[in-house]
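Q: Dropping the structure in here first, questions after.
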Amino acid sequence: MRILPSFLSVWCIVVLLTSCNQMKEYQEVSEETSDIHSLAQPKRAKMTHLALDLKVDFDRKQLVGTATIYFDNETGANQLILDTKDLDIQQVLLDDSTKANYSLGEEVALLGRPLRIQVAPNTKKVTIAYTSSPKSAALQWLTPAQTAGGEQPFLFSQSQCILARTWIPCQDGPGMRFTYQARVEVPPHLMALMSAENPTEKNETGIYEFEMKQPIPAYLLALAVGDLAFQKIDERTGVYAEPATLEAAVQEYEEVVKMVEVAENLYGKHAWERYDILVLPPSFPFGGMENPRLTFATPTIIAGDKSLMSLVAHELAHSWSGNLVTNQTWNDFWLNEGFTVYFERRIVEALYGRDFAEMEALLGYQDLLETIEQKGKNNKDTKLLLDLRKRDPDEAVSDIAYEKGYFFLRLIEESIGREKFDRFLRKYFETFAFESMNTQRFINYLEKEIIKDDEVLAKKINYKDWIYGTGLPQNCPKVTSKRFTQVDAQLQLWKETQSTDSLNTADWSTQEWLHFIRQLPVQMDIEQMKQLDEAYEFTASGNTEIQAAWYVHAIEHQYEAAYEAIENFLINIGRRKFLTPLYSALVKTEEGRTLAKDIYAKARPNYHYVAVNTLDEIVGYQSAK
Ligand SMILES: [Zn+2]
């Protein structure tokens, strides 16, 4: 309820500042702050706590049990409305005893069905007996063969953006927070973990209890079950992984201790007590997911040389931007991701130096330019503030939120100086901790704390251009990297000599190799591809970033020597960031399309729903119904 006054004051400012055309647009977006991707109505009766009691049934690929929802009913509403999708609801009890009247509304595309429960003004809680569907979009059930150990099955969830409702009936919007506890029963030889206080050892009963004391939005609800072991790194950090992967993971991640210290020095105390990392099997669709207390991470960042640690910095940064101060709706997604990329690069800079961070910023800039070119510079999806009405919020996940968001914050930093900007961010996280933030509320705060009446500064930052304008604004900060300039020189030498003999690539990091591969000529013949591959072993690289970048060239140049490796990669890795460009490159030609379909048919069962949701369309896959 606290949202209302601030929303009104933001609205007033917007009216004053904008022209008529723009006004209409902002008004529509403003009125959506109750969240267009949720059918729940927390303004009437608001969920405050969740108590889960679930049994994990690997044979049926189902969760079976109860969810008890505690709620505030300050308005005296006669209904509590929850989001559900593909859930089988068997019974609802009021305050544990009397049976409640309830109904499931019509299915709404993308959003699922509202569960409407009749309550009395003094009802405190409802207990819902339910079963999740084997096709729950959040849950991926892996066979033993799909794990590193190969002997036990594995289950993990991915609730962002709006998939929590496919395994738990709840109020599923990023602007709605609640605490939770859970009792989860799994086969006795497996361990269960959640985004909560976690066990560090298996127990013989297979029953695990969890508690999350800090209120979180539903997209941060998470569960993983498998043959897992834990190793601590220090008193508040550690790694969970399958025993086969644990040691390599601990070695790769040991710098997380320093990362947490650096992050706290920058923007204040870590609010979640522990920061552990769970290494998932390779089919995990993202690089990482910032589930509080327990980041879920892809094993594809275990490069053996810690070169991909910025992903951990990213997920750690979400402990502040995203988990602590949360985008109110998915239209405001840049507030989660742009802030997090900025914070991530500050952690990376503090640990590995400015040169290293600038290489990552420049790779990010390249990604941003490519995304804007693909979408078109006048495309409204290149604005920071999105309009996702009637659309899957997963469409917000693009370099616009991440990199355009990053460059906007970097512009503010460069305009007012780092010291002042750091004070601003520190205060921002402190002031809005455990609250949600929307774009207009952020603008309000920016005006109040930074711009004030300084017209010169306002013009210099020109936030409207970034937030409501398409494409890349004129005042985007410039990034230069000495190390990339050296890479460019070596690439030029290769072009001139047509030989790798005199190239100096000693001590290049993953980032330098990525830049080299990305800048290779659009036209190359097979001999040139072969020469590079023989000299630098790109096809057989153990580094997934390098593999993915090289394989795009291999596909575009029909370099068949890499095809077997590409097929293996596509079948074994489920990270959407890699899969999308590879399949997109394949389908550009007739033969490539046939190959893509062939590989996809084999690989698709290994992919999580969120990857499949993107790839089906690219590959032209039609599921047999
Ligand atoms: Zn992120």
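All residue names refer to the structure tokens as shown: chains lettered A, B, ... in order, residues numbered from 1 in each chain, ligands numbered from 1 in order.
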Kindly assemble as JSON lines a list of the chain A residues that lie within 8 Å of ligand 1, each paired with its nearest atom pair and their distance in Å to one decimal, using only C-alpha atoms and all ligand atoms, sorted first by chain and then by ascending residue number.

A:
```
{"residue": "A:Gly288", "atom": "CA", "partner": "ligand 1", "partner_atom_place_in_ligand_line": "1 (Zn)", "distance": 7.6}
{"residue": "A:Met289", "atom": "CA", "partner": "ligand 1", "partner_atom_place_in_ligand_line": "1 (Zn)", "distance": 7.1}
{"residue": "A:Glu290", "atom": "CA", "partner": "ligand 1", "partner_atom_place_in_ligand_line": "1 (Zn)", "distance": 7.1}
{"residue": "A:His314", "atom": "CA", "partner": "ligand 1", "partner_atom_place_in_ligand_line": "1 (Zn)", "distance": 6.2}
{"residue": "A:Glu315", "atom": "CA", "partner": "ligand 1", "partner_atom_place_in_ligand_line": "1 (Zn)", "distance": 6.2}
{"residue": "A:His318", "atom": "CA", "partner": "ligand 1", "partner_atom_place_in_ligand_line": "1 (Zn)", "distance": 6.6}
{"residue": "A:Asn336", "atom": "CA", "partner": "ligand 1", "partner_atom_place_in_ligand_line": "1 (Zn)", "distance": 7.0}
{"residue": "A:Glu337", "atom": "CA", "partner": "ligand 1", "partner_atom_place_in_ligand_line": "1 (Zn)", "distance": 5.0}
{"residue": "A:Thr340", "atom": "CA", "partner": "ligand 1", "partner_atom_place_in_ligand_line": "1 (Zn)", "distance": 6.2}
{"residue": "A:Val341", "atom": "CA", "partner": "ligand 1", "partner_atom_place_in_ligand_line": "1 (Zn)", "distance": 7.2}
{"residue": "A:Tyr402", "atom": "CA", "partner": "ligand 1", "partner_atom_place_in_ligand_line": "1 (Zn)", "distance": 7.6}
```

Q: Compile a residue-level contact table for region 165-273 of chain A against region 352-367 of chain A at a cut-off of 12 Å, reporting for every qualifying residue the shortest atom pair and its distance in Å to one decimal, with only C-alpha atoms counted, rows ordered by chain and ascending number, as a Markdown table.

A:
```
| residue | atom | partner | partner_atom | distance |
| --- | --- | --- | --- | --- |
| A:Glu255 | CA | A:Tyr352 | CA | 11.0 |
| A:Lys258 | CA | A:Tyr352 | CA | 11.2 |
| A:Met259 | CA | A:Tyr352 | CA | 10.7 |
| A:Val262 | CA | A:Tyr352 | CA | 11.5 |
```

Q: Hey, could you make a per-residue contact list for region 34-108 of chain A against region 165-176 of chain A with 10 Å as the cut-off, showing the nearest pair of atoms and its distance in Å to one decimal, counting only C-alpha atoms, sorted by chain and number, as JSON lines?

A:
```
{"residue": "A:Ser34", "atom": "CA", "partner": "A:Gly175", "partner_atom": "CA", "distance": 8.1}
{"residue": "A:Asp35", "atom": "CA", "partner": "A:Gly173", "partner_atom": "CA", "distance": 6.7}
{"residue": "A:Ile36", "atom": "CA", "partner": "A:Gly173", "partner_atom": "CA", "distance": 8.9}
{"residue": "A:His37", "atom": "CA", "partner": "A:Gly173", "partner_atom": "CA", "distance": 6.9}
{"residue": "A:Ser38", "atom": "CA", "partner": "A:Gly173", "partner_atom": "CA", "distance": 5.8}
{"residue": "A:Leu39", "atom": "CA", "partner": "A:Gln171", "partner_atom": "CA", "distance": 8.1}
{"residue": "A:Ala40", "atom": "CA", "partner": "A:Gln171", "partner_atom": "CA", "distance": 5.6}
{"residue": "A:Gln41", "atom": "CA", "partner": "A:Gln171", "partner_atom": "CA", "distance": 7.9}
{"residue": "A:Pro42", "atom": "CA", "partner": "A:Gln171", "partner_atom": "CA", "distance": 7.4}
{"residue": "A:Lys43", "atom": "CA", "partner": "A:Met176", "partner_atom": "CA", "distance": 10.0}
{"residue": "A:Lys46", "atom": "CA", "partner": "A:Gln171", "partner_atom": "CA", "distance": 8.1}
{"residue": "A:Met47", "atom": "CA", "partner": "A:Gln171", "partner_atom": "CA", "distance": 6.7}
{"residue": "A:Thr48", "atom": "CA", "partner": "A:Met176", "partner_atom": "CA", "distance": 8.8}
{"residue": "A:His49", "atom": "CA", "partner": "A:Cys170", "partner_atom": "CA", "distance": 9.8}
{"residue": "A:Leu50", "atom": "CA", "partner": "A:Cys170", "partner_atom": "CA", "distance": 8.2}
{"residue": "A:Leu52", "atom": "CA", "partner": "A:Ile168", "partner_atom": "CA", "distance": 8.6}
{"residue": "A:Gln62", "atom": "CA", "partner": "A:Trp167", "partner_atom": "CA", "distance": 9.0}
{"residue": "A:Leu63", "atom": "CA", "partner": "A:Trp167", "partner_atom": "CA", "distance": 7.4}
{"residue": "A:Val64", "atom": "CA", "partner": "A:Trp167", "partner_atom": "CA", "distance": 9.7}
{"residue": "A:Thr66", "atom": "CA", "partner": "A:Ile168", "partner_atom": "CA", "distance": 9.0}
{"residue": "A:Ala67", "atom": "CA", "partner": "A:Ile168", "partner_atom": "CA", "distance": 7.1}
{"residue": "A:Thr68", "atom": "CA", "partner": "A:Pro169", "partner_atom": "CA", "distance": 9.3}
{"residue": "A:Ile69", "atom": "CA", "partner": "A:Cys170", "partner_atom": "CA", "distance": 7.7}
{"residue": "A:Leu80", "atom": "CA", "partner": "A:Gln171", "partner_atom": "CA", "distance": 9.7}
{"residue": "A:Ile81", "atom": "CA", "partner": "A:Gln171", "partner_atom": "CA", "distance": 7.7}
{"residue": "A:Leu82", "atom": "CA", "partner": "A:Cys170", "partner_atom": "CA", "distance": 5.1}
{"residue": "A:Asp83", "atom": "CA", "partner": "A:Cys170", "partner_atom": "CA", "distance": 5.4}
{"residue": "A:Thr84", "atom": "CA", "partner": "A:Arg165", "partner_atom": "CA", "distance": 4.6}
{"residue": "A:Lys85", "atom": "CA", "partner": "A:Thr166", "partner_atom": "CA", "distance": 4.7}
{"residue": "A:Asp86", "atom": "CA", "partner": "A:Thr166", "partner_atom": "CA", "distance": 5.9}
{"residue": "A:Leu87", "atom": "CA", "partner": "A:Thr166", "partner_atom": "CA", "distance": 6.4}
{"residue": "A:Ile89", "atom": "CA", "partner": "A:Pro169", "partner_atom": "CA", "distance": 9.1}
```

Q: Show which residues sit within 6 Å of Gln118 (chain A), as a PDB file with N, CA and C atoms, in the first residue's frame. Count only C-alpha atoms, and ignore same-chain residues fewer than 5 positions away.

A:
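Done, and the output landed in out-v1.pdb:
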```
ATOM      1  N   ASN A  78     -13.443 -10.333   0.412  1.00  0.00           N
ATOM      2  CA  ASN A  78     -14.014 -11.669   0.610  1.00  0.00           C
ATOM      3  C   ASN A  78     -13.355 -12.720  -0.276  1.00  0.00           C
ATOM      4  N   GLN A  79     -12.269 -12.305  -0.921  1.00  0.00           N
ATOM      5  CA  GLN A  79     -11.547 -13.233  -1.798  1.00  0.00           C
ATOM      6  C   GLN A  79     -10.050 -13.039  -1.664  1.00  0.00           C
ATOM      7  N   ASN A 101     -14.636 -22.447  -0.165  1.00  0.00           N
ATOM      8  CA  ASN A 101     -15.135 -22.414  -1.535  1.00  0.00           C
ATOM      9  C   ASN A 101     -14.067 -21.744  -2.384  1.00  0.00           C
ATOM     10  N   TYR A 102     -13.797 -22.355  -3.480  1.00  0.00           N
ATOM     11  CA  TYR A 102     -12.792 -21.743  -4.359  1.00  0.00           C
ATOM     12  C   TYR A 102     -13.128 -22.063  -5.811  1.00  0.00           C
TER      13      TYR A 102
END
```

Q: Run DSSP on the backbone and tell me which residues of region 351-477 of chain A come out as helix (DSSP H, G or I); list them as JSON, numbers by chain.

A: {"A": [351, 352, 354, 355, 356, 357, 358, 359, 360, 361, 362, 363, 364, 365, 366, 367, 368, 369, 370, 371, 372, 373, 374, 375, 380, 381, 382, 393, 394, 395, 396, 399, 400, 401, 402, 403, 404, 405, 406, 407, 408, 409, 410, 411, 412, 413, 414, 415, 416, 418, 419, 420, 421, 422, 423, 424, 425, 426, 427, 428, 429, 430, 431, 439, 440, 441, 442, 443, 444, 445, 446, 447, 448, 449, 450, 451, 455, 456, 457, 458, 459, 460, 461, 463, 464, 465, 466, 467]}

Q: Would you save the residues from that selection as a PDB file, in the first residue's frame, using C-alpha atoms?

A:
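What ended up in result_37.pdb:
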```pdb
ATOM      1  CA  LEU A 351      39.509  -7.378  -8.103  1.00  0.00           C
ATOM      2  CA  TYR A 352      41.122  -7.646 -11.534  1.00  0.00           C
ATOM      3  CA  ARG A 354      40.388  -1.367 -14.731  1.00  0.00           C
ATOM      4  CA  ASP A 355      41.910  -2.853 -17.901  1.00  0.00           C
ATOM      5  CA  PHE A 356      40.114  -6.111 -17.354  1.00  0.00           C
ATOM      6  CA  ALA A 357      36.771  -4.478 -16.515  1.00  0.00           C
ATOM      7  CA  GLU A 358      37.041  -2.266 -19.600  1.00  0.00           C
ATOM      8  CA  MET A 359      37.469  -5.295 -21.833  1.00  0.00           C
ATOM      9  CA  GLU A 360      34.204  -6.661 -20.463  1.00  0.00           C
ATOM     10  CA  ALA A 361      32.516  -3.286 -20.888  1.00  0.00           C
ATOM     11  CA  LEU A 362      33.638  -3.174 -24.500  1.00  0.00           C
ATOM     12  CA  LEU A 363      32.373  -6.692 -25.194  1.00  0.00           C
ATOM     13  CA  GLY A 364      29.102  -5.557 -23.613  1.00  0.00           C
ATOM     14  CA  TYR A 365      29.057  -2.506 -25.877  1.00  0.00           C
ATOM     15  CA  GLN A 366      29.543  -4.743 -28.928  1.00  0.00           C
ATOM     16  CA  ASP A 367      26.635  -6.911 -27.753  1.00  0.00           C
ATOM     17  CA  LEU A 368      24.486  -3.818 -27.273  1.00  0.00           C
ATOM     18  CA  LEU A 369      25.187  -2.472 -30.760  1.00  0.00           C
ATOM     19  CA  GLU A 370      24.398  -5.846 -32.265  1.00  0.00           C
ATOM     20  CA  THR A 371      21.135  -6.139 -30.327  1.00  0.00           C
ATOM     21  CA  ILE A 372      20.051  -2.643 -31.419  1.00  0.00           C
ATOM     22  CA  GLU A 373      20.908  -3.469 -35.004  1.00  0.00           C
ATOM     23  CA  GLN A 374      18.959  -6.716 -34.875  1.00  0.00           C
ATOM     24  CA  LYS A 375      15.908  -5.135 -33.255  1.00  0.00           C
ATOM     25  CA  LYS A 380      10.323   0.387 -28.954  1.00  0.00           C
ATOM     26  CA  ASP A 381      11.897  -2.647 -27.314  1.00  0.00           C
ATOM     27  CA  THR A 382      15.176  -0.709 -27.353  1.00  0.00           C
ATOM     28  CA  PRO A 393       7.975 -10.988 -19.796  1.00  0.00           C
ATOM     29  CA  ASP A 394      10.835 -13.241 -20.781  1.00  0.00           C
ATOM     30  CA  GLU A 395      11.095 -10.950 -23.820  1.00  0.00           C
ATOM     31  CA  ALA A 396      12.560  -8.327 -21.484  1.00  0.00           C
ATOM     32  CA  ASP A 399      21.057  -6.614 -23.854  1.00  0.00           C
ATOM     33  CA  ILE A 400      18.881  -3.507 -23.663  1.00  0.00           C
ATOM     34  CA  ALA A 401      18.095  -4.084 -19.976  1.00  0.00           C
ATOM     35  CA  TYR A 402      21.630  -5.253 -19.225  1.00  0.00           C
ATOM     36  CA  GLU A 403      23.965  -3.164 -21.359  1.00  0.00           C
ATOM     37  CA  LYS A 404      21.927  -0.066 -22.221  1.00  0.00           C
ATOM     38  CA  GLY A 405      21.059  -0.008 -18.510  1.00  0.00           C
ATOM     39  CA  TYR A 406      24.747  -0.306 -17.651  1.00  0.00           C
ATOM     40  CA  PHE A 407      25.831   2.493 -19.969  1.00  0.00           C
ATOM     41  CA  PHE A 408      23.114   4.772 -18.616  1.00  0.00           C
ATOM     42  CA  LEU A 409      24.407   4.336 -15.064  1.00  0.00           C
ATOM     43  CA  ARG A 410      27.977   4.734 -16.261  1.00  0.00           C
ATOM     44  CA  LEU A 411      26.961   8.009 -17.897  1.00  0.00           C
ATOM     45  CA  ILE A 412      25.587   9.257 -14.577  1.00  0.00           C
ATOM     46  CA  GLU A 413      28.782   8.147 -12.845  1.00  0.00           C
ATOM     47  CA  GLU A 414      30.948   9.970 -15.390  1.00  0.00           C
ATOM     48  CA  SER A 415      28.754  13.069 -15.226  1.00  0.00           C
ATOM     49  CA  ILE A 416      28.928  13.543 -11.451  1.00  0.00           C
ATOM     50  CA  ARG A 418      32.532   8.258  -9.025  1.00  0.00           C
ATOM     51  CA  GLU A 419      32.615   9.270  -5.383  1.00  0.00           C
ATOM     52  CA  LYS A 420      29.300  11.042  -5.559  1.00  0.00           C
ATOM     53  CA  PHE A 421      27.721   8.272  -7.599  1.00  0.00           C
ATOM     54  CA  ASP A 422      28.866   5.624  -5.123  1.00  0.00           C
ATOM     55  CA  ARG A 423      27.301   7.597  -2.269  1.00  0.00           C
ATOM     56  CA  PHE A 424      24.101   7.803  -4.299  1.00  0.00           C
ATOM     57  CA  LEU A 425      23.979   4.060  -4.945  1.00  0.00           C
ATOM     58  CA  ARG A 426      24.803   3.161  -1.356  1.00  0.00           C
ATOM     59  CA  LYS A 427      21.950   5.357  -0.162  1.00  0.00           C
ATOM     60  CA  TYR A 428      19.648   3.947  -2.846  1.00  0.00           C
ATOM     61  CA  PHE A 429      20.151   0.366  -1.623  1.00  0.00           C
ATOM     62  CA  GLU A 430      19.766   1.452   1.995  1.00  0.00           C
ATOM     63  CA  THR A 431      16.664   3.563   1.434  1.00  0.00           C
ATOM     64  CA  THR A 439      11.230   3.458 -13.374  1.00  0.00           C
ATOM     65  CA  GLN A 440       9.323   6.574 -12.386  1.00  0.00           C
ATOM     66  CA  ARG A 441      10.155   6.175  -8.741  1.00  0.00           C
ATOM     67  CA  PHE A 442      13.798   5.889  -9.756  1.00  0.00           C
ATOM     68  CA  ILE A 443      13.552   9.069 -11.844  1.00  0.00           C
ATOM     69  CA  ASN A 444      12.036  10.828  -8.848  1.00  0.00           C
ATOM     70  CA  TYR A 445      14.955   9.753  -6.704  1.00  0.00           C
ATOM     71  CA  LEU A 446      17.490  10.700  -9.374  1.00  0.00           C
ATOM     72  CA  GLU A 447      15.933  14.156  -9.656  1.00  0.00           C
ATOM     73  CA  LYS A 448      15.892  14.631  -5.900  1.00  0.00           C
ATOM     74  CA  GLU A 449      19.353  13.316  -5.095  1.00  0.00           C
ATOM     75  CA  ILE A 450      21.427  14.146  -8.152  1.00  0.00           C
ATOM     76  CA  ILE A 451      19.917  16.438 -10.736  1.00  0.00           C
ATOM     77  CA  GLU A 455      19.954  22.278 -15.782  1.00  0.00           C
ATOM     78  CA  VAL A 456      23.394  21.686 -17.258  1.00  0.00           C
ATOM     79  CA  LEU A 457      23.625  18.321 -15.540  1.00  0.00           C
ATOM     80  CA  ALA A 458      20.066  17.420 -16.544  1.00  0.00           C
ATOM     81  CA  LYS A 459      20.958  18.116 -20.148  1.00  0.00           C
ATOM     82  CA  LYS A 460      24.191  16.187 -19.899  1.00  0.00           C
ATOM     83  CA  ILE A 461      22.452  13.067 -18.577  1.00  0.00           C
ATOM     84  CA  TYR A 463      17.572  10.512 -18.887  1.00  0.00           C
ATOM     85  CA  LYS A 464      14.432  10.755 -21.006  1.00  0.00           C
ATOM     86  CA  ASP A 465      16.432   9.841 -24.056  1.00  0.00           C
ATOM     87  CA  TRP A 466      17.683   6.682 -22.357  1.00  0.00           C
ATOM     88  CA  ILE A 467      14.501   5.606 -20.630  1.00  0.00           C
TER      89      ILE A 467
END
```

Q: Please provide the set of residues having any atom within 8 Å of Lys597 (chain A), restricted to only C-alpha atoms, with same-chain residues fewer than 4 positions apart removed, written as a ChimeraX atom specification.

A: /A:593,601,619-621

Q: When you look at Pro605 (chain A) with a cut-off of 12 Å (counting only C-alpha atoms), what residues show up, excluding the ones that are within fewer than 6 positions of it in the same chain? I need them as a ChimeraX atom specification.

A: /A:140-143,145-146,283,570-574,599,611-612,623

Q: With N, CA and C atoms retained, write the just-selected residues as a PDB file, in the first residue's frame.

A:
```pdb
ATOM      1  N   GLN A 140      12.685 -28.554 -14.183  1.00  0.00           N
ATOM      2  CA  GLN A 140      13.300 -29.471 -15.134  1.00  0.00           C
ATOM      3  C   GLN A 140      13.738 -30.729 -14.396  1.00  0.00           C
ATOM      4  N   TRP A 141      13.221 -31.852 -14.877  1.00  0.00           N
ATOM      5  CA  TRP A 141      13.505 -33.157 -14.276  1.00  0.00           C
ATOM      6  C   TRP A 141      14.545 -33.846 -15.144  1.00  0.00           C
ATOM      7  N   LEU A 142      15.710 -34.092 -14.587  1.00  0.00           N
ATOM      8  CA  LEU A 142      16.773 -34.707 -15.384  1.00  0.00           C
ATOM      9  C   LEU A 142      16.915 -36.182 -15.030  1.00  0.00           C
ATOM     10  N   THR A 143      17.170 -36.973 -16.049  1.00  0.00           N
ATOM     11  CA  THR A 143      17.457 -38.384 -15.805  1.00  0.00           C
ATOM     12  C   THR A 143      18.900 -38.484 -15.316  1.00  0.00           C
ATOM     13  N   ALA A 145      21.333 -39.916 -16.586  1.00  0.00           N
ATOM     14  CA  ALA A 145      22.271 -39.728 -17.704  1.00  0.00           C
ATOM     15  C   ALA A 145      22.512 -38.253 -18.010  1.00  0.00           C
ATOM     16  N   GLN A 146      21.614 -37.385 -17.595  1.00  0.00           N
ATOM     17  CA  GLN A 146      21.771 -35.946 -17.873  1.00  0.00           C
ATOM     18  C   GLN A 146      22.550 -35.211 -16.776  1.00  0.00           C
ATOM     19  N   SER A 283      22.399 -28.441 -18.427  1.00  0.00           N
ATOM     20  CA  SER A 283      21.181 -28.018 -19.129  1.00  0.00           C
ATOM     21  C   SER A 283      20.568 -26.750 -18.533  1.00  0.00           C
ATOM     22  N   LEU A 570      25.768 -28.467 -28.652  1.00  0.00           N
ATOM     23  CA  LEU A 570      24.333 -28.153 -28.629  1.00  0.00           C
ATOM     24  C   LEU A 570      23.532 -29.193 -27.850  1.00  0.00           C
ATOM     25  N   ILE A 571      24.003 -30.424 -27.868  1.00  0.00           N
ATOM     26  CA  ILE A 571      23.266 -31.465 -27.149  1.00  0.00           C
ATOM     27  C   ILE A 571      23.536 -31.393 -25.646  1.00  0.00           C
ATOM     28  N   ASN A 572      24.752 -31.002 -25.294  1.00  0.00           N
ATOM     29  CA  ASN A 572      25.120 -31.050 -23.872  1.00  0.00           C
ATOM     30  C   ASN A 572      24.908 -29.768 -23.095  1.00  0.00           C
ATOM     31  N   ILE A 573      24.897 -28.652 -23.784  1.00  0.00           N
ATOM     32  CA  ILE A 573      24.801 -27.372 -23.084  1.00  0.00           C
ATOM     33  C   ILE A 573      23.403 -26.791 -23.288  1.00  0.00           C
ATOM     34  N   GLY A 574      22.806 -26.324 -22.194  1.00  0.00           N
ATOM     35  CA  GLY A 574      21.440 -25.784 -22.310  1.00  0.00           C
ATOM     36  C   GLY A 574      21.362 -24.291 -22.109  1.00  0.00           C
ATOM     37  N   ILE A 599      19.700 -31.867 -35.069  1.00  0.00           N
ATOM     38  CA  ILE A 599      20.361 -31.758 -33.754  1.00  0.00           C
ATOM     39  C   ILE A 599      19.316 -31.395 -32.686  1.00  0.00           C
ATOM     40  N   ALA A 611      14.526 -22.149 -22.452  1.00  0.00           N
ATOM     41  CA  ALA A 611      15.338 -22.232 -23.672  1.00  0.00           C
ATOM     42  C   ALA A 611      14.462 -22.715 -24.836  1.00  0.00           C
ATOM     43  N   VAL A 612      13.677 -23.748 -24.571  1.00  0.00           N
ATOM     44  CA  VAL A 612      12.787 -24.301 -25.597  1.00  0.00           C
ATOM     45  C   VAL A 612      11.814 -23.225 -26.103  1.00  0.00           C
ATOM     46  N   SER A 623       5.935 -29.267 -31.928  1.00  0.00           N
ATOM     47  CA  SER A 623       5.842 -30.437 -31.064  1.00  0.00           C
ATOM     48  C   SER A 623       4.660 -31.295 -31.496  1.00  0.00           C
TER      49      SER A 623
END
```

Q: Would you list the contacts of Leu93 (chain A) as a list in words, taking every protein, DNA or RNA residue within 7 Å and counting only C-alpha atoms, but skipping same-chain residues closer than 4 positions in sequence?

A: Ser97, Thr98, Lys99, Ala100, Val126, Thr127 and Ile128 of chain A

Q: Please dump the current selection as a PDB file, in the first residue's frame; keep C-alpha atoms.

A:
```pdb
ATOM      1  CA  SER A  97     -10.115 -26.674   9.364  1.00  0.00           C
ATOM      2  CA  THR A  98     -13.130 -25.570   7.354  1.00  0.00           C
ATOM      3  CA  LYS A  99     -13.275 -26.320   3.667  1.00  0.00           C
ATOM      4  CA  ALA A 100     -13.124 -23.194   1.560  1.00  0.00           C
ATOM      5  CA  VAL A 126      -5.543 -20.866   3.622  1.00  0.00           C
ATOM      6  CA  THR A 127      -4.021 -24.287   2.992  1.00  0.00           C
ATOM      7  CA  ILE A 128      -4.078 -25.527  -0.581  1.00  0.00           C
TER       8      ILE A 128
END
```

Q: Please indicate the distance in Å from CA of Arg44 (chain A) to CA of Thr75 (chain A), rounded to one decimal place.

A: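 CA of Arg44 (chain A) sits 5.9 Å away from CA of Thr75 (chain A).
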
Q: Could you name the residues that touch Gln528 (chain A) at 12 Å or less, counting only C-alpha atoms, but leaving out those on the same chain fewer than 2 positions away, as number ranges by chain?

A: A: 494-495, 497-500, 520-526, 530-535, 553-554, 557, 559

Q: Mind writing the picked residues with C-alpha atoms as a tab-separated table (two decimals), in the first residue's frame?

A:
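The resulting file, part06.tsv, is shown below:
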```tsv
chain	number	residue	atom	x	y	z
A	494	TRP	CA	47.34	-11.99	-39.46
A	495	LYS	CA	45.31	-10.41	-42.26
A	497	THR	CA	50.75	-12.05	-43.46
A	498	GLN	CA	48.08	-14.74	-43.74
A	499	SER	CA	50.07	-16.61	-41.12
A	500	THR	CA	49.76	-17.11	-37.38
A	520	LEU	CA	37.55	-12.01	-37.61
A	521	PRO	CA	36.65	-11.06	-41.19
A	522	VAL	CA	33.10	-11.74	-42.36
A	523	GLN	CA	34.56	-13.54	-45.38
A	524	MET	CA	37.09	-16.30	-44.71
A	525	ASP	CA	37.95	-19.40	-46.71
A	526	ILE	CA	38.23	-22.88	-45.28
A	530	LYS	CA	41.71	-24.34	-40.63
A	531	GLN	CA	44.89	-22.38	-40.05
A	532	LEU	CA	43.42	-20.49	-37.09
A	533	ASP	CA	41.92	-23.63	-35.65
A	534	GLU	CA	45.17	-25.55	-35.88
A	535	ALA	CA	47.11	-22.74	-34.26
A	553	HIS	CA	32.03	-18.54	-37.60
A	554	ALA	CA	32.33	-22.26	-38.27
A	557	HIS	CA	31.80	-20.53	-43.24
A	559	TYR	CA	33.74	-25.23	-41.68
```

Q: Identify which of the residues A:Gly304, A:Pro282, A:Gly149, A:Pro188 lies closest to Pro243 (chain A), counting only C-alpha atoms when measuring atom-to-atom distances.

A: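 That would be A:Gly149, the residue with the smallest distance to Pro243 (chain A).
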
Q: Find the residue from A:Arg274, A:Arg518, A:Lys383, A:Lys202 that sits nearest to Pro292 (chain A); use only C-alpha atoms when measuring.

A: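 That would be A:Arg274, the residue with the smallest distance to Pro292 (chain A).
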
Q: For Asp501 (chain A), which of A:Tyr536, A:Ile117, A:Ser584, A:Ile216 is the closest residue, counting only C-alpha atoms?

A: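 Among the listed residues, A:Tyr536 lies closest to Asp501 (chain A).
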
Q: For Tyr180 (chain A), which of A:Ala489, A:Ala51, A:Ala241, A:Leu163 is the closest residue, counting only C-alpha atoms?

A: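 Among the listed residues, A:Ala51 lies closest to Tyr180 (chain A).
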
Q: What separation in Å, quoted to one decimal, exists between CA of Lys602 (chain A) and CA of Pro187 (chain A)?

A: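 Straight-line distance from CA of Lys602 (chain A) to CA of Pro187 (chain A) works out to 28.8 Å.
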
Q: Choose the residue, out of A:Thr300, A:Leu385, A:Ile233, A:Glu591, that has the smallest atom-to-atom separation from Thr544 (chain A); count only C-alpha atoms.

A: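 That would be A:Thr300, the residue with the smallest distance to Thr544 (chain A).
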
Q: Calculate how many Å separate CA of Gln622 (chain A) from CA of Asp57 (chain A), rounding to one decimal.

A: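 Rounded to one decimal, the two atoms are 28.7 Å apart.
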
Q: Could you pull out the residues in region 292-328 of chain A that DSSP calls strand (DSSP E or B) from the backbone, as number ranges by chain?

A: A: 294-297, 321, 325-327
